[in-house]
Each structure stands twice: as C-alpha cells, then as structure tokens.
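Shown next: run08.cif, containing mmCIF, C-alpha atoms and all ligand atoms.
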```
data_protein
loop_
_atom_site.label_atom_id
_atom_site.label_comp_id
_atom_site.auth_asym_id
_atom_site.auth_seq_id
_atom_site.Cartn_x
_atom_site.Cartn_y
_atom_site.Cartn_z
CA MET A 1 7.80 14.47 13.14
CA ASN A 2 11.54 15.01 12.82
CA VAL A 3 14.15 14.97 15.54
CA GLN A 4 17.93 15.03 15.08
CA VAL A 5 20.06 13.86 17.99
CA ASN A 6 23.75 14.89 18.02
CA PRO A 7 25.39 13.79 21.24
CA ASP A 8 28.79 15.44 20.77
CA SER A 9 29.66 18.64 18.94
CA LYS A 10 33.41 17.85 19.24
CA ILE A 11 32.93 14.73 17.14
CA GLU A 12 34.75 16.14 14.10
CA ASN A 13 38.02 16.89 15.94
CA TYR A 14 37.91 13.55 17.62
CA GLN A 15 37.47 11.83 14.26
CA MET A 16 40.40 13.78 12.80
CA ASP A 17 42.75 12.55 15.55
CA ASN A 18 41.58 9.00 14.99
CA PHE A 19 42.17 9.35 11.25
CA ARG A 20 45.77 10.52 11.72
CA SER A 21 46.68 7.86 14.28
CA ASP A 22 44.90 5.06 12.36
CA VAL A 23 46.69 6.00 9.11
CA LEU A 24 50.13 6.20 10.73
CA GLU A 25 49.65 3.04 12.75
CA GLY A 26 48.43 1.15 9.65
CA LEU A 27 51.28 2.31 7.41
CA LYS A 28 53.88 1.35 10.03
CA ARG A 29 52.56 -2.22 10.07
CA ILE A 30 53.88 -5.11 8.00
CA PRO A 31 52.06 -5.58 5.67
CA LYS A 32 50.89 -1.97 5.43
CA LYS A 33 47.18 -1.41 5.94
CA LEU A 34 44.64 1.39 5.56
CA SER A 35 41.03 1.14 6.70
CA SER A 36 38.36 1.29 3.99
CA LYS A 37 36.06 3.07 6.46
CA TYR A 38 38.04 6.21 5.49
CA PHE A 39 37.16 5.90 1.77
CA TYR A 40 34.03 7.99 2.27
CA ASP A 41 34.94 11.67 2.07
CA LYS A 42 32.95 13.81 -0.37
CA THR A 43 34.81 12.49 -3.44
CA GLY A 44 34.69 8.94 -2.06
CA ASP A 45 30.91 9.20 -1.57
CA GLY A 46 30.58 10.31 -5.20
CA LEU A 47 32.80 7.48 -6.45
CA PHE A 48 30.79 4.95 -4.46
CA GLN A 49 27.59 6.28 -6.08
CA LYS A 50 29.28 5.66 -9.46
CA ILE A 51 30.33 2.15 -8.39
CA MET A 52 26.75 1.31 -7.43
CA ALA A 53 25.60 2.42 -10.88
CA MET A 54 28.23 0.32 -12.74
CA PRO A 55 26.76 -2.66 -14.64
CA GLU A 56 29.38 -4.97 -13.05
CA TYR A 57 28.50 -3.98 -9.47
CA TYR A 58 25.51 -6.27 -8.89
CA LEU A 59 25.22 -5.97 -5.08
CA THR A 60 23.02 -2.86 -4.90
CA LYS A 61 20.76 -4.05 -7.72
CA CYS A 62 20.27 -7.43 -6.04
CA GLU A 63 19.35 -5.96 -2.66
CA LEU A 64 17.14 -3.39 -4.36
CA ASP A 65 15.33 -6.30 -6.06
CA ILE A 66 14.61 -7.71 -2.58
CA PHE A 67 13.38 -4.42 -1.10
CA LYS A 68 11.40 -3.38 -4.18
CA ASN A 69 9.85 -6.69 -5.23
CA LYS A 70 9.64 -8.70 -2.00
CA THR A 71 8.57 -5.92 0.38
CA ALA A 72 5.57 -7.76 1.83
CA ASP A 73 7.72 -10.85 2.54
CA LEU A 74 10.30 -8.62 4.22
CA ALA A 75 7.71 -6.93 6.43
CA GLN A 76 6.21 -10.31 7.34
CA LEU A 77 9.67 -11.58 8.28
CA ILE A 78 10.72 -8.71 10.54
CA ILE A 79 7.37 -7.73 12.09
CA PRO A 80 4.95 -10.66 11.67
CA GLU A 81 2.47 -9.36 14.29
CA ASN A 82 2.53 -5.81 12.84
CA GLU A 83 2.94 -4.46 16.39
CA PRO A 84 4.36 -0.95 17.13
CA PHE A 85 8.15 -0.95 16.77
CA ASP A 86 11.31 1.09 16.02
CA LEU A 87 13.07 0.49 12.71
CA ILE A 88 16.75 1.36 13.16
CA GLU A 89 19.07 1.52 10.16
CA LEU A 90 22.85 1.40 10.70
CA GLY A 91 24.74 3.54 8.15
CA ALA A 92 21.50 4.58 6.47
CA GLY A 93 23.10 6.67 3.69
CA ASP A 94 20.32 7.75 1.30
CA ALA A 95 18.07 4.85 2.46
CA MET A 96 17.33 4.11 -1.20
CA LYS A 97 16.45 0.46 -0.53
CA SER A 98 14.78 0.84 2.85
CA THR A 99 12.47 3.57 1.51
CA PHE A 100 10.45 0.80 -0.21
CA LEU A 101 9.93 -0.87 3.18
CA LEU A 102 9.11 2.45 4.90
CA LYS A 103 6.48 3.22 2.28
CA TYR A 104 4.96 -0.25 2.55
CA LEU A 105 4.73 -0.05 6.37
CA ILE A 106 3.10 3.40 6.23
CA GLU A 107 0.54 2.20 3.70
CA LYS A 108 -0.20 -0.78 5.92
CA GLY A 109 -0.81 1.58 8.87
CA THR A 110 1.99 0.11 11.00
CA ASP A 111 2.90 2.24 14.03
CA PHE A 112 6.67 2.65 13.80
CA THR A 113 9.48 5.22 14.10
CA TYR A 114 12.37 5.16 11.65
CA MET A 115 15.72 5.80 13.36
CA PRO A 116 18.59 6.14 10.89
CA ILE A 117 22.03 6.05 12.52
CA ASP A 118 24.99 7.59 10.72
CA ILE A 119 28.32 9.12 11.71
CA SER A 120 27.66 11.95 9.25
CA GLY A 121 25.22 14.67 10.36
CA ASN A 122 25.22 15.95 6.79
CA ILE A 123 24.02 12.62 5.39
CA LEU A 124 21.27 12.53 8.04
CA SER A 125 20.06 16.06 7.20
CA VAL A 126 19.87 15.24 3.49
CA LEU A 127 18.04 11.99 4.29
CA ASN A 128 15.62 13.81 6.59
CA GLU A 129 14.77 16.28 3.87
CA LYS A 130 14.31 13.56 1.26
CA LEU A 131 12.08 11.41 3.46
CA ASN A 132 10.04 14.41 4.59
CA ALA A 133 9.25 15.19 0.99
CA GLU A 134 8.58 11.60 -0.09
CA LEU A 135 6.87 10.23 3.02
CA PRO A 136 5.45 13.14 5.06
CA ALA A 137 3.64 10.74 7.43
CA LEU A 138 6.89 9.03 8.47
CA LYS A 139 8.08 9.53 12.06
CA ILE A 140 11.88 9.96 12.05
CA ILE A 141 14.43 10.27 14.84
CA SER A 142 17.93 10.71 13.35
CA LEU A 143 20.79 9.52 15.50
CA GLU A 144 24.21 10.98 14.68
CA GLY A 145 27.19 9.04 16.02
CA GLU A 146 28.80 5.63 16.45
CA TYR A 147 26.51 2.62 15.97
CA PHE A 148 26.60 1.13 19.46
CA GLU A 149 26.40 4.45 21.32
CA MET A 150 23.39 5.38 19.20
CA LEU A 151 21.75 1.97 19.73
CA GLN A 152 21.92 2.65 23.46
CA LYS A 153 20.47 6.10 22.83
CA ALA A 154 17.63 4.50 20.83
CA ALA A 155 16.93 2.06 23.68
CA SER A 156 16.77 4.98 26.12
CA LEU A 157 14.21 6.76 23.91
CA SER A 158 11.71 3.92 23.66
CA SER A 159 11.18 0.39 24.95
CA ARG A 160 9.36 -0.87 21.85
CA LYS A 161 10.56 -3.83 19.83
CA LYS A 162 13.59 -2.91 17.70
CA VAL A 163 14.36 -4.09 14.18
CA ILE A 164 17.90 -3.25 13.06
CA LEU A 165 18.80 -3.01 9.37
CA PHE A 166 22.44 -3.47 8.39
CA LEU A 167 22.25 -3.62 4.62
CA GLY A 168 24.44 -3.46 1.53
CA SER A 169 26.94 -6.16 2.56
CA ASN A 170 28.61 -3.58 4.78
CA ILE A 171 29.36 -6.52 7.06
CA GLY A 172 31.63 -7.81 4.26
CA ASN A 173 33.99 -4.89 4.84
CA MET A 174 34.93 -6.39 8.22
CA SER A 175 37.35 -9.27 8.71
CA LEU A 176 35.54 -12.43 9.87
CA LYS A 177 36.83 -11.79 13.39
CA GLU A 178 35.56 -8.20 13.34
CA ALA A 179 32.20 -9.39 11.96
CA GLU A 180 31.91 -11.88 14.82
CA SER A 181 32.60 -9.29 17.48
CA PHE A 182 30.30 -6.78 15.72
CA CYS A 183 27.39 -9.28 15.68
CA PHE A 184 28.07 -10.30 19.26
CA ASN A 185 28.01 -6.62 20.34
CA LEU A 186 24.81 -6.13 18.37
CA ASN A 187 23.24 -9.02 20.25
CA GLN A 188 24.40 -7.61 23.60
CA ASN A 189 22.90 -4.19 22.80
CA LEU A 190 19.44 -5.56 22.00
CA ALA A 191 16.60 -7.02 24.05
CA SER A 192 14.88 -10.37 23.78
CA GLY A 193 12.56 -10.43 20.74
CA ASP A 194 14.48 -7.73 18.83
CA VAL A 195 15.43 -8.56 15.24
CA VAL A 196 18.40 -7.78 12.98
CA LEU A 197 18.25 -7.93 9.19
CA ILE A 198 21.72 -8.18 7.65
CA GLY A 199 22.59 -8.04 3.94
CA PHE A 200 25.21 -10.63 2.90
CA ASP A 201 26.76 -10.99 -0.54
CA LEU A 202 26.81 -14.70 -1.38
CA GLN A 203 29.65 -16.69 -2.95
CA LYS A 204 28.99 -17.18 -6.65
CA ASN A 205 30.86 -17.50 -9.94
CA PRO A 206 34.28 -16.00 -9.08
CA HIS A 207 34.40 -14.08 -12.39
CA THR A 208 31.17 -12.27 -11.49
CA ILE A 209 32.65 -11.22 -8.14
CA LEU A 210 36.05 -10.18 -9.44
CA ASN A 211 34.48 -8.16 -12.29
CA ALA A 212 32.40 -6.18 -9.78
CA TYR A 213 35.59 -4.92 -8.11
CA ASN A 214 37.95 -4.81 -11.09
CA ASP A 215 35.96 -2.61 -13.45
CA LYS A 216 37.50 -1.62 -16.78
CA ALA A 217 36.59 2.05 -16.29
CA GLY A 218 38.86 2.18 -13.22
CA ILE A 219 36.23 3.58 -10.86
CA THR A 220 37.10 1.11 -8.09
CA ALA A 221 40.79 1.95 -8.61
CA ALA A 222 39.97 5.67 -8.24
CA PHE A 223 37.90 4.86 -5.12
CA ASN A 224 40.97 3.23 -3.52
CA LEU A 225 43.46 5.89 -4.71
CA ASN A 226 41.18 8.64 -3.40
CA LEU A 227 42.12 7.64 0.15
CA LEU A 228 45.72 8.68 -0.64
CA THR A 229 44.38 12.04 -1.93
CA ARG A 230 42.43 12.40 1.31
CA ILE A 231 45.56 11.66 3.37
CA ASN A 232 47.49 14.25 1.32
CA ARG A 233 44.84 16.89 1.90
CA GLU A 234 43.86 16.22 5.51
CA LEU A 235 47.16 15.01 6.98
CA GLY A 236 49.64 17.02 4.91
CA ALA A 237 51.11 14.04 3.05
CA ASP A 238 52.82 13.89 -0.36
CA PHE A 239 51.62 10.64 -1.99
CA ASN A 240 52.09 10.75 -5.78
CA LEU A 241 49.08 8.83 -7.10
CA GLU A 242 50.93 7.99 -10.33
CA GLN A 243 53.27 5.82 -8.28
CA PHE A 244 50.55 3.55 -6.85
CA GLN A 245 48.44 1.00 -8.72
CA HIS A 246 45.20 -0.73 -7.74
CA TYR A 247 45.27 -4.55 -7.58
CA GLN A 248 42.18 -6.69 -6.88
CA THR A 249 41.97 -10.37 -5.88
CA TYR A 250 39.19 -12.84 -5.16
CA ASP A 251 39.81 -16.16 -3.42
CA PRO A 252 36.82 -18.47 -4.07
CA LEU A 253 38.01 -20.88 -1.37
CA THR A 254 37.66 -18.35 1.46
CA GLY A 255 35.25 -15.85 -0.16
CA ALA A 256 37.70 -12.99 0.49
CA CYS A 257 37.66 -10.30 -2.20
CA ARG A 258 40.54 -7.92 -1.45
CA SER A 259 41.89 -4.69 -2.84
CA PHE A 260 45.47 -3.47 -2.58
CA LEU A 261 47.54 -0.53 -3.73
CA VAL A 262 50.98 -1.47 -5.08
CA SER A 263 53.93 0.90 -4.79
CA LEU A 264 55.48 1.18 -8.26
CA LYS A 265 58.94 2.12 -6.97
CA ASP A 266 61.09 2.52 -3.87
CA GLN A 267 59.82 5.76 -2.34
CA ASN A 268 59.53 7.77 0.88
CA ILE A 269 56.21 9.42 1.72
CA ASN A 270 55.98 12.26 4.21
CA ILE A 271 52.86 12.45 6.34
CA GLY A 272 53.14 15.57 8.47
CA ASN A 273 56.35 15.00 10.48
CA ASP A 274 56.44 11.24 9.83
CA THR A 275 58.10 9.48 6.90
CA ILE A 276 56.93 6.10 5.59
CA SER A 277 59.23 4.07 3.30
CA PHE A 278 57.86 1.89 0.52
CA SER A 279 59.86 -0.59 -1.50
CA GLU A 280 58.99 -1.34 -5.14
CA ASN A 281 55.91 -3.65 -5.32
CA GLU A 282 55.16 -3.29 -1.62
CA LEU A 283 51.41 -3.48 -0.94
CA ILE A 284 48.93 -1.49 1.09
CA ASP A 285 46.05 -3.75 2.15
CA MET A 286 43.04 -1.47 1.47
CA GLU A 287 39.76 -3.35 1.75
CA ILE A 288 38.13 -6.71 2.24
CA SER A 289 34.71 -7.39 0.70
CA GLN A 290 33.91 -10.79 2.15
CA LYS A 291 31.55 -13.12 0.25
CA PHE A 292 29.59 -15.58 2.37
CA SER A 293 28.46 -19.19 2.15
CA PRO A 294 25.10 -20.10 3.78
CA GLU A 295 27.06 -22.16 6.34
CA LYS A 296 29.26 -19.18 7.28
CA ILE A 297 26.18 -16.96 7.78
CA LYS A 298 24.56 -19.58 10.00
CA GLU A 299 27.75 -19.98 12.03
CA LEU A 300 28.10 -16.19 12.46
CA GLY A 301 24.53 -15.84 13.74
CA GLU A 302 24.82 -18.74 16.15
CA LYS A 303 28.21 -17.65 17.51
CA SER A 304 26.78 -14.22 18.29
CA GLY A 305 23.82 -15.64 20.19
CA PHE A 306 21.06 -15.07 17.60
CA ARG A 307 18.33 -17.42 16.36
CA MET A 308 17.84 -17.47 12.59
CA ILE A 309 14.20 -16.62 11.75
CA GLY A 310 14.32 -16.44 7.96
CA GLU A 311 15.95 -15.02 4.87
CA ILE A 312 15.04 -13.47 1.53
CA LYS A 313 17.17 -13.75 -1.61
CA ASP A 314 17.04 -11.73 -4.81
CA SER A 315 15.76 -13.39 -7.97
CA LYS A 316 19.30 -14.38 -9.09
CA LYS A 317 20.05 -15.80 -5.61
CA TRP A 318 23.27 -13.77 -5.47
CA PHE A 319 22.46 -11.78 -2.32
CA VAL A 320 20.59 -12.55 0.88
CA ASP A 321 18.96 -10.49 3.61
CA THR A 322 19.02 -12.68 6.71
CA ALA A 323 16.85 -12.10 9.78
CA TRP A 324 18.10 -13.12 13.22
CA GLN A 325 16.28 -12.70 16.52
CA VAL A 326 17.61 -12.19 20.05
C1 LIG B 401 30.25 -0.54 0.99
N1 LIG B 401 30.75 -1.87 0.61
C2 LIG B 401 29.76 -2.91 0.91
C3 LIG B 401 31.27 -1.96 -0.76
C4 LIG B 401 31.72 -3.41 -1.08
O1 LIG B 401 31.17 -3.97 -2.02
O2 LIG B 401 32.56 -3.93 -0.37
C5 LIG B 401 32.44 -1.00 -0.96
C6 LIG B 401 33.12 -1.17 -2.29
N2 LIG B 401 34.40 -1.31 -2.48
C7 LIG B 401 34.66 -1.43 -3.77
N3 LIG B 401 33.53 -1.41 -4.43
C8 LIG B 401 32.52 -1.23 -3.53
#
```
What does the file become when written as structure tokens?
Amino acid sequence: MNVQVNPDSKIENYQMDNFRSDVLEGLKRIPKKLSSKYFYDKTGDGLFQKIMAMPEYYLTKCELDIFKNKTADLAQLIIPENEPFDLIELGAGDAMKSTFLLKYLIEKGTDFTYMPIDISGNILSVLNEKLNAELPALKIISLEGEYFEMLQKAASLSSRKKVILFLGSNIGNMSLKEAESFCFNLNQNLASGDVVLIGFDLQKNPHTILNAYNDKAGITAAFNLNLLTRINRELGADFNLEQFQHYQTYDPLTGACRSFLVSLKDQNINIGNDTISFSENELIDMEISQKFSPEKIKELGEKSGFRMIGEIKDSKKWFVDTAWQV
C-alpha cells in the first residue's frame, strides 16, 4: 500500500520567501551567517552523495554498520514486544540505512507502517518507487512537509505506538540550543511509550573529525560554495565564487566542527535590490556539525523529558544510535 500526503500545494512559494528573507537576515548579521539547511538543492544533494562516499567521511559508514550488522539488536531496542507500530523517519532521504531495518521487520512478520517525512515531495516519490520495488510487502504512508506538522498528521492517522528515526547525525547540524528545543518539541509531539532513535556522531580523535570535513578533493568546499551559486540563481545575486574560500575548524573541547566561507577581498554583493558589503577576510558562518560526548547526549535526553532505554554503537565506537522513550 502506498499513500502520499501533501498538505499544502503552495509550499514551494512559501519556501522561496523564507529562503530570501533568511539569506538577507543572515548576511546582515554580525558575524554573517547562512543556514546549512539550504545546502540541499539538486547540486547540493549530489555533492552530499559524493561526501558520503568519500573515504574520510566515516559517519555514514559507521551508521550503516549499525543498521546492517546489528539489525536484530536495533529491532529489540525499539520494539521489544514486537507489537504493531508506526515507524516514522524524519528526513528519510533514500532510506539507505533504514531499509535494512524495514527488511528485517518484514521478515519477522511485524505489523508496522513506514512513514517517511520529508520536505521534498520529489525525494518521497523516488523513495516510494525504490521501496515498492525492493520491499513490495511494505506499507508506506509518505508525509510531505515540516517535521512537527507531519508528526501531528501521523498521530491523527493512527494511535499505534510510534518509533521516530532521526539518523545521520542530522541533529549535529543544530546548535546545542536548537537541538534542545528540537528534542523538547519531539517529546511534546509524542505519546507515552513512544520511542525516538537518534544518530549522534561521537567525539573522537580530532584529526579523524577534521579530515572528514576538510577533504583534499575539495568536495566539502564545493558543498559550501554551492549555496552561493544557489543564491545567485534563485535570488538574483552576483557572488563570485573565486572570491570566497572554504575554511573548516574543529574544537575538541566543545565538539563543535564548523565550516566558514572567507571573503578574499573587500567586495559588495548584490542580492536582488539589496547590497551586502564584505571586508577582506570577513567570514560567513555556514554550518555546525556538532560532535557529542556520552554525557552531553544523556543531558540532552533528560532535559527534553525522555528516558534513555539503550544505545547501539558501530564496531569502531565512533557513532551511536541512542533510543529514548517518552
Ligand atoms: C547532513 N549532515 C549530518 C552532514 C554533517 O556531517 O554535518 C552534512 C555535511 N556537511 C559537510 N559534510 C557533511
């Protein structure tokens, strides 16, 4: 069975207005800031696929190790009684990792519906097609829209136990404050007994972390610079990419891995009718990829009202999927 729910056909225009106002507001700030959530246009999606395939970028391989090789432990952790439930994935993408869990649950005869949530209807259609072909017995309800609106939609569709997947260290792309309010909201949108499984990238040798984001081939640099190309194309701006340089840092004391773009000269950039001035060496704060200590994960769960029920690490112990219950 396959159902696609799209609550709002005007969603694209609305997103466009947000993009323009977010970009202008961020570039008028001191220090200047752009949101990494806008990295993912078509080119950005392709560059992120390349990043995930880079030998230095260990995150995807580690979480894949968990989903591929510890599937039974995962299932036992999130649904120990094997009762009927809804498996909701936030930002499902191509569901490459979760497909191992879906397959396992089907083979075990578990009664469940998979509900991928994504802002992109296109991603959901591609995912639907892929899962239909690979797992024809899978029940899918695709939910297109913002996470919390779609969680409410999911709750209105069924009252079964919910297990929410938020994988890939996507939580690391939020500031700690944003992560706290995100987890708190998650807790508020769920019912007693529901479970969340969140993928956290753990603090480790700082060289390993920095190398994953400072690749020699320059793919991460292109990923960052592509946002300027997107602003040029979609908002009528005139960034010259030659005049901006990617700079990556990792602070092992706080676990913050950050990327910046550095202006290589004094320059004025037009964005539609607005003009933004840059001085030489001025930064744009582009992305945080937070790395977590076990203590920080515990604190985050407790602050948001969850009870920790277990965790599974990859064989290198570089990445953890943590399960919390409401
Ligand atoms: C999607 N997100 C978890 C990636 C990360 O590791 O922060 C995005 C990324 N940025 C640079 N490389 C990968």
Site check for ligand LIG 401 (chain B): residues at most 6 Å away, only C-alpha atoms and all ligand atoms, as a list in words: Gly168, Ser169, Asn170, Asn173, Tyr213, Thr220 and Ser289 of chain A
- prompt: Any idea what's packed within 12 Å of A:Cys62, counting all atoms listed in the file, ignoring anything in its chain fewer than 5 positions away? Could you give it as a ChimeraX atom specification?
  reply: /A:52,55-57,67-70,97,167-169,199-202,312-321
Within 12 Å of (43.0, 13.3, 1.4), only C-alpha atoms: residues as a JSON list (two decimals) with C-alpha atoms, in the frame of the given file?
```json
[["chain", "number", "residue", "atom", "x", "y", "z"],
["A", 16, "MET", "CA", 40.40, 13.78, 12.80],
["A", 19, "PHE", "CA", 42.17, 9.35, 11.25],
["A", 20, "ARG", "CA", 45.77, 10.52, 11.72],
["A", 23, "VAL", "CA", 46.69, 6.00, 9.11],
["A", 38, "TYR", "CA", 38.04, 6.21, 5.49],
["A", 39, "PHE", "CA", 37.16, 5.90, 1.77],
["A", 40, "TYR", "CA", 34.03, 7.99, 2.27],
["A", 41, "ASP", "CA", 34.94, 11.67, 2.07],
["A", 42, "LYS", "CA", 32.95, 13.81, -0.37],
["A", 43, "THR", "CA", 34.81, 12.49, -3.44],
["A", 44, "GLY", "CA", 34.69, 8.94, -2.06],
["A", 223, "PHE", "CA", 37.90, 4.86, -5.12],
["A", 224, "ASN", "CA", 40.97, 3.23, -3.52],
["A", 225, "LEU", "CA", 43.46, 5.89, -4.71],
["A", 226, "ASN", "CA", 41.18, 8.64, -3.40],
["A", 227, "LEU", "CA", 42.12, 7.64, 0.15],
["A", 228, "LEU", "CA", 45.72, 8.68, -0.64],
["A", 229, "THR", "CA", 44.38, 12.04, -1.93],
["A", 230, "ARG", "CA", 42.43, 12.40, 1.31],
["A", 231, "ILE", "CA", 45.56, 11.66, 3.37],
["A", 232, "ASN", "CA", 47.49, 14.25, 1.32],
["A", 233, "ARG", "CA", 44.84, 16.89, 1.90],
["A", 234, "GLU", "CA", 43.86, 16.22, 5.51],
["A", 235, "LEU", "CA", 47.16, 15.01, 6.98],
["A", 236, "GLY", "CA", 49.64, 17.02, 4.91],
["A", 237, "ALA", "CA", 51.11, 14.04, 3.05],
["A", 238, "ASP", "CA", 52.82, 13.89, -0.36],
["A", 239, "PHE", "CA", 51.62, 10.64, -1.99],
["A", 240, "ASN", "CA", 52.09, 10.75, -5.78],
["A", 241, "LEU", "CA", 49.08, 8.83, -7.10],
["A", 271, "ILE", "CA", 52.86, 12.45, 6.34]]
```
- prompt: atom CA of A:Lys291 and atom CA of A:Ser259, how far apart in Å?
  reply: 13.7 Å
- request: Determine, counting all atoms listed in the file, which protein, DNA and RNA residues have an atom within 10 Å of an atom of stretch 80-85 of chain A; residues of the same chain fewer than 6 positions away are not included. Present the result as a PyMOL selection string.
  value: chain A and resi 73-74+105+108-114+158-163+194
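Among the candidates A:Glu302, A:Asp17, A:Glu89, A:Glu25, the one nearest to A:Asp274 when counting only C-alpha atoms is A:Glu25.
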If you count all atoms listed in the file, which residues fall within 10 Å of A:Ile30, apart from same-chain ones fewer than 3 positions away, as a PDB file with C-alpha atoms, in the coordinates of the input?
```pdb
ATOM      1  CA  GLY A  26      48.430   1.150   9.650  1.00  0.00           C
ATOM      2  CA  LEU A  27      51.280   2.310   7.410  1.00  0.00           C
ATOM      3  CA  LYS A  33      47.180  -1.410   5.940  1.00  0.00           C
ATOM      4  CA  GLU A 282      55.160  -3.290  -1.620  1.00  0.00           C
ATOM      5  CA  LEU A 283      51.410  -3.480  -0.940  1.00  0.00           C
ATOM      6  CA  ILE A 284      48.930  -1.490   1.090  1.00  0.00           C
ATOM      7  CA  ASP A 285      46.050  -3.750   2.150  1.00  0.00           C
TER       8      ASP A 285
END
```
query: What would the list of residues within 10 Å of (38.0, -5.6, -2.0) (file frame) look like as number ranges by chain, if only C-alpha atoms are what count?
result: A: 36, 172-173, 209-210, 212-214, 220, 224, 247-250, 256-260, 285-290
- request: Using only C-alpha atoms, pick whichever of A:Asn185, A:Lys32, A:Asn273, A:Leu90 has the shortest atom-to-atom distance to A:Lys303.
  value: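 Smallest separation from A:Lys303 among the options: A:Asn185.
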- request: Could you tell me how far atom CA of A:Ser304 lies from atom CA of A:Leu151, in Å and to one decimal?
  value: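 Taking atom CA of A:Ser304 as the start and atom CA of A:Leu151 as the end point, the length is 17.0 Å.
In this structure, atom CA of A:Val126 sits 15.3 Å away from atom CA of A:Ser98.
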- prompt: Skipping near chain neighbours, those fewer than 6 positions away, what residues fall within 12 Å of A:Leu157 using all atoms listed in the file, listed as a VMD selection string?
  reply: chain A and resid 3 5 86 113 115 141 to 143 150 to 151
task: Using all atoms listed in the file, find the one residue out of A:Ile164, A:Gly145, A:Leu47, A:Leu77 that sits nearest to A:Ala191.
output: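 Closest to A:Ala191, using all atoms listed in the file: A:Ile164.
Using only C-alpha atoms, the smallest distance between any of A:Lys216, A:Ser21, A:Thr60, A:Val195 and A:Cys183 comes from A:Val195.
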Contacts of A:Ser181 within 12 Å, only C-alpha atoms, excl. fewer than 4 positions in-chain, as an MDAnalysis selection string: chainID A and resid 171 174:177 185:188 300:301 303:305
- request: Can you work out which one of A:Phe100, A:Glu178, A:Gly218, A:Gly193 has the shortest atom-to-atom distance to A:Ile309, counting all atoms listed in the file?
  value: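 Ranked by minimum distance to A:Ile309, first place goes to A:Gly193.
Closest approach to A:Leu261 among A:Asp118, A:Ser192, A:Glu144, A:Pro31: A:Pro31, based on all atoms listed in the file.
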